[in-house]
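A.B. asks: Quick one, final_38.cif (mmCIF, N, CA and C atoms and all ligand atoms):
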```cif
data_entry
#
loop_
_atom_site.group_PDB
_atom_site.id
_atom_site.type_symbol
_atom_site.label_atom_id
_atom_site.label_comp_id
_atom_site.auth_asym_id
_atom_site.auth_seq_id
_atom_site.Cartn_x
_atom_site.Cartn_y
_atom_site.Cartn_z
ATOM 1 N N MET A 1 0.842 -1.198 0.000
ATOM 2 C CA MET A 1 0.000 0.000 0.000
ATOM 3 C C MET A 1 0.875 1.244 0.000
ATOM 4 N N GLY A 2 0.350 2.289 -0.588
ATOM 5 C CA GLY A 2 1.055 3.561 -0.567
ATOM 6 C C GLY A 2 0.515 4.453 0.526
ATOM 7 N N SER A 3 1.197 5.515 0.731
ATOM 8 C CA SER A 3 0.753 6.431 1.761
ATOM 9 C C SER A 3 1.181 7.854 1.440
ATOM 10 N N LEU A 4 0.430 8.780 2.011
ATOM 11 C CA LEU A 4 0.826 10.183 1.960
ATOM 12 C C LEU A 4 1.543 10.471 3.261
ATOM 13 N N ASN A 5 2.768 10.905 3.145
ATOM 14 C CA ASN A 5 3.594 11.048 4.328
ATOM 15 C C ASN A 5 4.037 12.481 4.557
ATOM 16 N N LEU A 6 4.228 12.782 5.809
ATOM 17 C CA LEU A 6 4.930 14.006 6.173
ATOM 18 C C LEU A 6 6.383 13.594 6.398
ATOM 19 N N LEU A 7 7.267 14.154 5.597
ATOM 20 C CA LEU A 7 8.671 13.783 5.672
ATOM 21 C C LEU A 7 9.485 14.917 6.274
ATOM 22 N N GLU A 8 10.539 14.543 6.951
ATOM 23 C CA GLU A 8 11.442 15.563 7.466
ATOM 24 C C GLU A 8 12.798 15.385 6.807
ATOM 25 N N CYS A 9 13.290 16.451 6.233
ATOM 26 C CA CYS A 9 14.569 16.410 5.541
ATOM 27 C C CYS A 9 15.708 16.341 6.554
ATOM 28 N N ASN A 10 16.642 15.429 6.319
ATOM 29 C CA ASN A 10 17.774 15.312 7.232
ATOM 30 C C ASN A 10 18.848 16.362 6.953
ATOM 31 N N CYS A 11 18.710 17.042 5.811
ATOM 32 C CA CYS A 11 19.725 18.043 5.467
ATOM 33 C C CYS A 11 19.336 19.431 5.938
ATOM 34 N N CYS A 12 18.117 19.875 5.591
ATOM 35 C CA CYS A 12 17.748 21.248 5.951
ATOM 36 C C CYS A 12 16.745 21.277 7.095
ATOM 37 N N GLY A 13 16.242 20.108 7.497
ATOM 38 C CA GLY A 13 15.365 20.046 8.662
ATOM 39 C C GLY A 13 13.928 20.471 8.404
ATOM 40 N N ARG A 14 13.583 20.795 7.162
ATOM 41 C CA ARG A 14 12.225 21.239 6.869
ATOM 42 C C ARG A 14 11.319 20.049 6.570
ATOM 43 N N ASN A 15 10.039 20.284 6.689
ATOM 44 C CA ASN A 15 9.049 19.238 6.439
ATOM 45 C C ASN A 15 8.393 19.430 5.077
ATOM 46 N N PHE A 16 8.023 18.332 4.464
ATOM 47 C CA PHE A 16 7.259 18.398 3.223
ATOM 48 C C PHE A 16 6.444 17.131 3.086
ATOM 49 N N ARG A 17 5.455 17.179 2.196
ATOM 50 C CA ARG A 17 4.585 16.024 1.992
ATOM 51 C C ARG A 17 4.920 15.331 0.691
ATOM 52 N N ALA A 18 4.842 14.011 0.686
ATOM 53 C CA ALA A 18 5.022 13.283 -0.563
ATOM 54 C C ALA A 18 4.329 11.933 -0.478
ATOM 55 N N ASN A 19 3.904 11.460 -1.619
ATOM 56 C CA ASN A 19 3.349 10.109 -1.695
ATOM 57 C C ASN A 19 4.489 9.118 -1.783
ATOM 58 N N LYS A 20 4.232 7.932 -1.339
ATOM 59 C CA LYS A 20 5.241 6.885 -1.411
ATOM 60 C C LYS A 20 4.565 5.566 -1.697
ATOM 61 N N GLY A 21 5.131 4.804 -2.617
ATOM 62 C CA GLY A 21 4.695 3.432 -2.823
ATOM 63 C C GLY A 21 3.489 3.282 -3.736
ATOM 64 N N ALA A 22 2.929 2.112 -3.709
ATOM 65 C CA ALA A 22 1.818 1.772 -4.588
ATOM 66 C C ALA A 22 0.514 2.351 -4.047
ATOM 67 N N MET A 23 -0.348 2.772 -4.955
ATOM 68 C CA MET A 23 -1.652 3.280 -4.550
ATOM 69 C C MET A 23 -2.742 2.376 -5.084
ATOM 70 N N LEU A 24 -3.941 2.688 -4.686
ATOM 71 C CA LEU A 24 -5.079 1.864 -5.090
ATOM 72 C C LEU A 24 -5.171 1.732 -6.602
ATOM 73 N N PHE A 25 -4.923 2.817 -7.292
ATOM 74 C CA PHE A 25 -5.149 2.833 -8.735
ATOM 75 C C PHE A 25 -3.859 2.601 -9.515
ATOM 76 N N GLY A 26 -2.767 2.270 -8.866
ATOM 77 C CA GLY A 26 -1.545 2.014 -9.617
ATOM 78 C C GLY A 26 -0.325 2.158 -8.740
ATOM 79 N N GLU A 27 0.822 2.106 -9.374
ATOM 80 C CA GLU A 27 2.059 2.219 -8.633
ATOM 81 C C GLU A 27 2.777 3.497 -9.011
ATOM 82 N N GLU A 28 3.347 4.110 -8.028
ATOM 83 C CA GLU A 28 4.015 5.368 -8.280
ATOM 84 C C GLU A 28 5.436 5.163 -8.790
ATOM 85 N N HIS A 29 5.749 5.871 -9.851
ATOM 86 C CA HIS A 29 7.111 5.929 -10.359
ATOM 87 C C HIS A 29 7.547 7.374 -10.243
ATOM 88 N N ARG A 30 8.828 7.561 -10.104
ATOM 89 C CA ARG A 30 9.326 8.906 -9.875
ATOM 90 C C ARG A 30 10.518 9.143 -10.787
ATOM 91 N N CYS A 31 10.554 10.313 -11.367
ATOM 92 C CA CYS A 31 11.683 10.641 -12.241
ATOM 93 C C CYS A 31 12.930 10.831 -11.392
ATOM 94 N N GLU A 32 14.013 10.146 -11.784
ATOM 95 C CA GLU A 32 15.217 10.228 -10.958
ATOM 96 C C GLU A 32 15.896 11.591 -11.071
ATOM 97 N N LYS A 33 15.540 12.344 -12.101
ATOM 98 C CA LYS A 33 16.194 13.646 -12.274
ATOM 99 C C LYS A 33 15.392 14.785 -11.671
ATOM 100 N N CYS A 34 14.108 14.896 -12.050
ATOM 101 C CA CYS A 34 13.366 16.092 -11.643
ATOM 102 C C CYS A 34 12.328 15.787 -10.576
ATOM 103 N N ASP A 35 12.181 14.509 -10.198
ATOM 104 C CA ASP A 35 11.310 14.129 -9.096
ATOM 105 C C ASP A 35 9.826 14.200 -9.421
ATOM 106 N N ARG A 36 9.478 14.355 -10.684
ATOM 107 C CA ARG A 36 8.070 14.323 -11.051
ATOM 108 C C ARG A 36 7.547 12.902 -10.842
ATOM 109 N N SER A 37 6.333 12.771 -10.366
ATOM 110 C CA SER A 37 5.843 11.418 -10.154
ATOM 111 C C SER A 37 4.737 11.082 -11.138
ATOM 112 N N LEU A 38 4.603 9.805 -11.386
ATOM 113 C CA LEU A 38 3.686 9.290 -12.395
ATOM 114 C C LEU A 38 3.079 8.023 -11.812
ATOM 115 N N VAL A 39 1.767 7.882 -11.911
ATOM 116 C CA VAL A 39 1.130 6.671 -11.402
ATOM 117 C C VAL A 39 0.706 5.807 -12.580
ATOM 118 N N ILE A 40 1.138 4.571 -12.554
ATOM 119 C CA ILE A 40 0.911 3.642 -13.653
ATOM 120 C C ILE A 40 0.158 2.430 -13.122
ATOM 121 N N PRO A 41 -0.803 1.902 -13.893
ATOM 122 C CA PRO A 41 -1.518 0.715 -13.428
ATOM 123 C C PRO A 41 -0.565 -0.415 -13.064
ATOM 124 N N LYS A 42 -0.925 -1.177 -12.070
ATOM 125 C CA LYS A 42 -0.061 -2.256 -11.587
ATOM 126 C C LYS A 42 0.336 -3.202 -12.710
ATOM 127 N N GLY A 43 1.613 -3.591 -12.725
ATOM 128 C CA GLY A 43 2.097 -4.541 -13.710
ATOM 129 C C GLY A 43 2.571 -3.893 -14.997
ATOM 130 N N GLU A 44 2.274 -2.604 -15.199
ATOM 131 C CA GLU A 44 2.734 -1.932 -16.412
ATOM 132 C C GLU A 44 4.015 -1.171 -16.148
ATOM 133 N N LYS A 45 4.718 -0.909 -17.246
ATOM 134 C CA LYS A 45 5.958 -0.137 -17.125
ATOM 135 C C LYS A 45 5.740 1.238 -17.741
ATOM 136 N N PRO A 46 6.489 2.218 -17.324
ATOM 137 C CA PRO A 46 6.357 3.537 -17.953
ATOM 138 C C PRO A 46 6.646 3.428 -19.445
ATOM 139 N N LYS A 47 5.785 4.038 -20.281
ATOM 140 C CA LYS A 47 5.936 3.904 -21.733
ATOM 141 C C LYS A 47 6.869 4.951 -22.301
ATOM 142 N N HIS A 48 7.177 5.929 -21.539
ATOM 143 C CA HIS A 48 7.993 7.015 -22.065
ATOM 144 C C HIS A 48 8.881 7.556 -20.958
ATOM 145 N N LYS A 49 9.871 8.307 -21.369
ATOM 146 C CA LYS A 49 10.721 8.967 -20.386
ATOM 147 C C LYS A 49 10.060 10.262 -19.951
ATOM 148 N N CYS A 50 10.549 10.794 -18.910
ATOM 149 C CA CYS A 50 10.073 12.081 -18.426
ATOM 150 C C CYS A 50 10.454 13.176 -19.431
ATOM 151 N N SER A 51 9.730 14.276 -19.410
ATOM 152 C CA SER A 51 10.029 15.370 -20.343
ATOM 153 C C SER A 51 11.409 15.983 -20.094
ATOM 154 N N CYS A 52 11.998 15.693 -18.940
ATOM 155 C CA CYS A 52 13.348 16.204 -18.680
ATOM 156 C C CYS A 52 14.402 15.225 -19.165
ATOM 157 N N SER A 53 13.960 14.103 -19.770
ATOM 158 C CA SER A 53 14.799 13.012 -20.287
ATOM 159 C C SER A 53 15.276 12.060 -19.198
ATOM 160 N N GLY A 54 14.827 12.247 -17.974
ATOM 161 C CA GLY A 54 15.149 11.290 -16.917
ATOM 162 C C GLY A 54 14.277 10.048 -17.028
ATOM 163 N N GLU A 55 14.658 9.001 -16.339
ATOM 164 C CA GLU A 55 13.895 7.751 -16.350
ATOM 165 C C GLU A 55 12.962 7.706 -15.148
ATOM 166 N N TYR A 56 11.761 7.189 -15.380
ATOM 167 C CA TYR A 56 10.855 6.955 -14.270
ATOM 168 C C TYR A 56 11.223 5.646 -13.589
ATOM 169 N N LYS A 57 11.372 5.680 -12.297
ATOM 170 C CA LYS A 57 11.707 4.465 -11.558
ATOM 171 C C LYS A 57 10.830 4.343 -10.333
ATOM 172 N N GLN A 58 10.692 3.089 -9.892
ATOM 173 C CA GLN A 58 9.957 2.845 -8.665
ATOM 174 C C GLN A 58 10.884 2.953 -7.482
ATOM 175 N N GLU A 59 10.302 3.130 -6.340
ATOM 176 C CA GLU A 59 11.055 3.069 -5.088
ATOM 177 C C GLU A 59 12.131 4.132 -4.987
ATOM 178 N N ILE A 60 11.909 5.253 -5.629
ATOM 179 C CA ILE A 60 12.847 6.357 -5.441
ATOM 180 C C ILE A 60 12.352 7.207 -4.275
ATOM 181 N N ILE A 61 13.234 7.545 -3.411
ATOM 182 C CA ILE A 61 12.858 8.356 -2.251
ATOM 183 C C ILE A 61 12.523 9.777 -2.713
ATOM 184 N N PRO A 62 11.391 10.302 -2.250
ATOM 185 C CA PRO A 62 11.028 11.664 -2.657
ATOM 186 C C PRO A 62 12.111 12.671 -2.285
ATOM 187 N N ARG A 63 12.214 13.700 -3.092
ATOM 188 C CA ARG A 63 13.267 14.685 -2.887
ATOM 189 C C ARG A 63 12.717 15.897 -2.143
ATOM 190 N N CYS A 64 13.501 16.432 -1.277
ATOM 191 C CA CYS A 64 13.104 17.624 -0.538
ATOM 192 C C CYS A 64 12.940 18.793 -1.507
ATOM 193 N N PRO A 65 11.779 19.463 -1.511
ATOM 194 C CA PRO A 65 11.577 20.591 -2.429
ATOM 195 C C PRO A 65 12.391 21.822 -2.034
ATOM 196 N N HIS A 66 12.924 21.825 -0.853
ATOM 197 C CA HIS A 66 13.652 22.999 -0.372
ATOM 198 C C HIS A 66 15.139 22.931 -0.708
ATOM 199 N N CYS A 67 15.742 21.763 -0.539
ATOM 200 C CA CYS A 67 17.186 21.671 -0.776
ATOM 201 C C CYS A 67 17.567 20.555 -1.743
ATOM 202 N N ASN A 68 16.543 19.842 -2.295
ATOM 203 C CA ASN A 68 16.774 18.794 -3.294
ATOM 204 C C ASN A 68 17.509 17.562 -2.783
ATOM 205 N N SER A 69 17.572 17.381 -1.490
ATOM 206 C CA SER A 69 18.208 16.190 -0.946
ATOM 207 C C SER A 69 17.207 15.034 -0.904
ATOM 208 N N ARG A 70 17.698 13.807 -1.101
ATOM 209 C CA ARG A 70 16.836 12.639 -0.925
ATOM 210 C C ARG A 70 17.074 11.990 0.430
ATOM 211 N N ASN A 71 17.772 12.666 1.271
ATOM 212 C CA ASN A 71 18.062 12.144 2.599
ATOM 213 C C ASN A 71 16.995 12.655 3.566
ATOM 214 N N ASN A 72 15.985 11.815 3.807
ATOM 215 C CA ASN A 72 14.895 12.263 4.675
ATOM 216 C C ASN A 72 14.261 11.083 5.393
ATOM 217 N N LYS A 73 13.443 11.377 6.353
ATOM 218 C CA LYS A 73 12.767 10.310 7.080
ATOM 219 C C LYS A 73 11.278 10.648 7.224
ATOM 220 N N VAL A 74 10.483 9.595 7.426
ATOM 221 C CA VAL A 74 9.049 9.786 7.591
ATOM 222 C C VAL A 74 8.771 10.235 9.021
ATOM 223 N N ARG A 75 8.121 11.370 9.154
ATOM 224 C CA ARG A 75 7.732 11.825 10.487
ATOM 225 C C ARG A 75 6.348 11.330 10.853
ATOM 226 N N GLU A 76 5.490 11.290 9.841
ATOM 227 C CA GLU A 76 4.103 10.991 10.140
ATOM 228 C C GLU A 76 3.429 10.490 8.867
ATOM 229 N N VAL A 77 2.597 9.464 8.996
ATOM 230 C CA VAL A 77 1.787 9.019 7.867
ATOM 231 C C VAL A 77 0.467 9.772 7.922
ATOM 232 N N ILE A 78 0.200 10.568 6.916
ATOM 233 C CA ILE A 78 -1.009 11.399 6.925
ATOM 234 C C ILE A 78 -2.213 10.603 6.447
ATOM 235 N N ALA A 79 -2.011 9.788 5.412
ATOM 236 C CA ALA A 79 -3.138 9.020 4.885
ATOM 237 C C ALA A 79 -2.615 7.791 4.157
ATOM 238 N N ILE A 80 -3.397 6.720 4.204
ATOM 239 C CA ILE A 80 -3.087 5.522 3.419
ATOM 240 C C ILE A 80 -3.863 5.640 2.116
ATOM 241 N N LEU A 81 -3.178 5.467 1.010
ATOM 242 C CA LEU A 81 -3.823 5.659 -0.293
ATOM 243 C C LEU A 81 -4.187 4.312 -0.917
HETATM 244 ZN ZN ZN A 101 15.882 19.711 2.629
HETATM 245 ZN ZN ZN A 102 12.018 14.335 -15.044
#
```
How does the structure come out when it is put into structure tokens?
Ligand SMILES: [Zn+2]
Ligand SMILES: [Zn+2]

C.D. replies:
Amino acid sequence: MGSLNLLECNCCGRNFRANKGAMLFGEEHRCEKCDRSLVIPKGEKPKHKCSCSGEYKQEIIPRCPHCNSRNNKVREVIAIL
């Protein structure tokens, strides 16, 4: 199951929200370059690259919007998706 999480950045200490994992209607993939996320039906693969030319991948840790670090931890689960 996926969830909407409140994350705390280990680099700048700020909080932000991000989805993580599979959701009811598909699985989340995330661009490794620009962090855009895309939800694809279960069992399917992304058909195209991101518009920034990065690859969509699963299980990428969301990036902090403030300092762009992927070093963060979950502070709180806001909702199960
Ligand atoms: Zn940060
Ligand atoms: Zn991208």

A.B. asks: With distances taken over only N, CA and C atoms and all ligand atoms, which residue among A:Ile40, A:Leu6, A:Cys50, A:Ala79 lies nearest ligand ZN 102 (chain A)?

C.D. replies: A:Cys50

A.B. asks: Determine which residues of chain A receive a DSSP assignment of strand (DSSP E or B), computed from the backbone, and state them as a ChimeraX atom specification.

C.D. replies: /A:3-9,15-20,22-23,26-31,37-40,56-57,72-80

A.B. asks: Hey, what comes out of the PyMOL selection byres (((chain A and resi 69-77 and name CA) around 8) and not hetatm and name CA) on this file? Could you write it as a ChimeraX atom specification?

C.D. replies: /A:3-11,61-64,67-68,78-80

A.B. asks: Which is closer to Glu44 in chain A than all the others in A:Glu32, A:His66, A:Met1, A:Glu27, using only N, CA and C atoms?

C.D. replies: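 Closest to Glu44 in chain A, using only N, CA and C atoms: A:Glu27.
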
A.B. asks: What is the distance between atom N of Gly54 in chain A and atom C of Arg30 in chain A, in Å to one decimal?

C.D. replies: 8.9 Å

A.B. asks: Got a sec to check which residues lie within 7 Å of ligand ZN 102 (chain A), using only N, CA and C atoms and all ligand atoms, and send them as a list in words?

C.D. replies: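 I would give the residues around ligand ZN 102 (chain A) as Arg30, Cys31, Glu32, Lys33, Cys34, Asp35, Arg36, Lys49, Cys50, Ser51, Cys52, Ser53, Gly54 and Glu55 of chain A.
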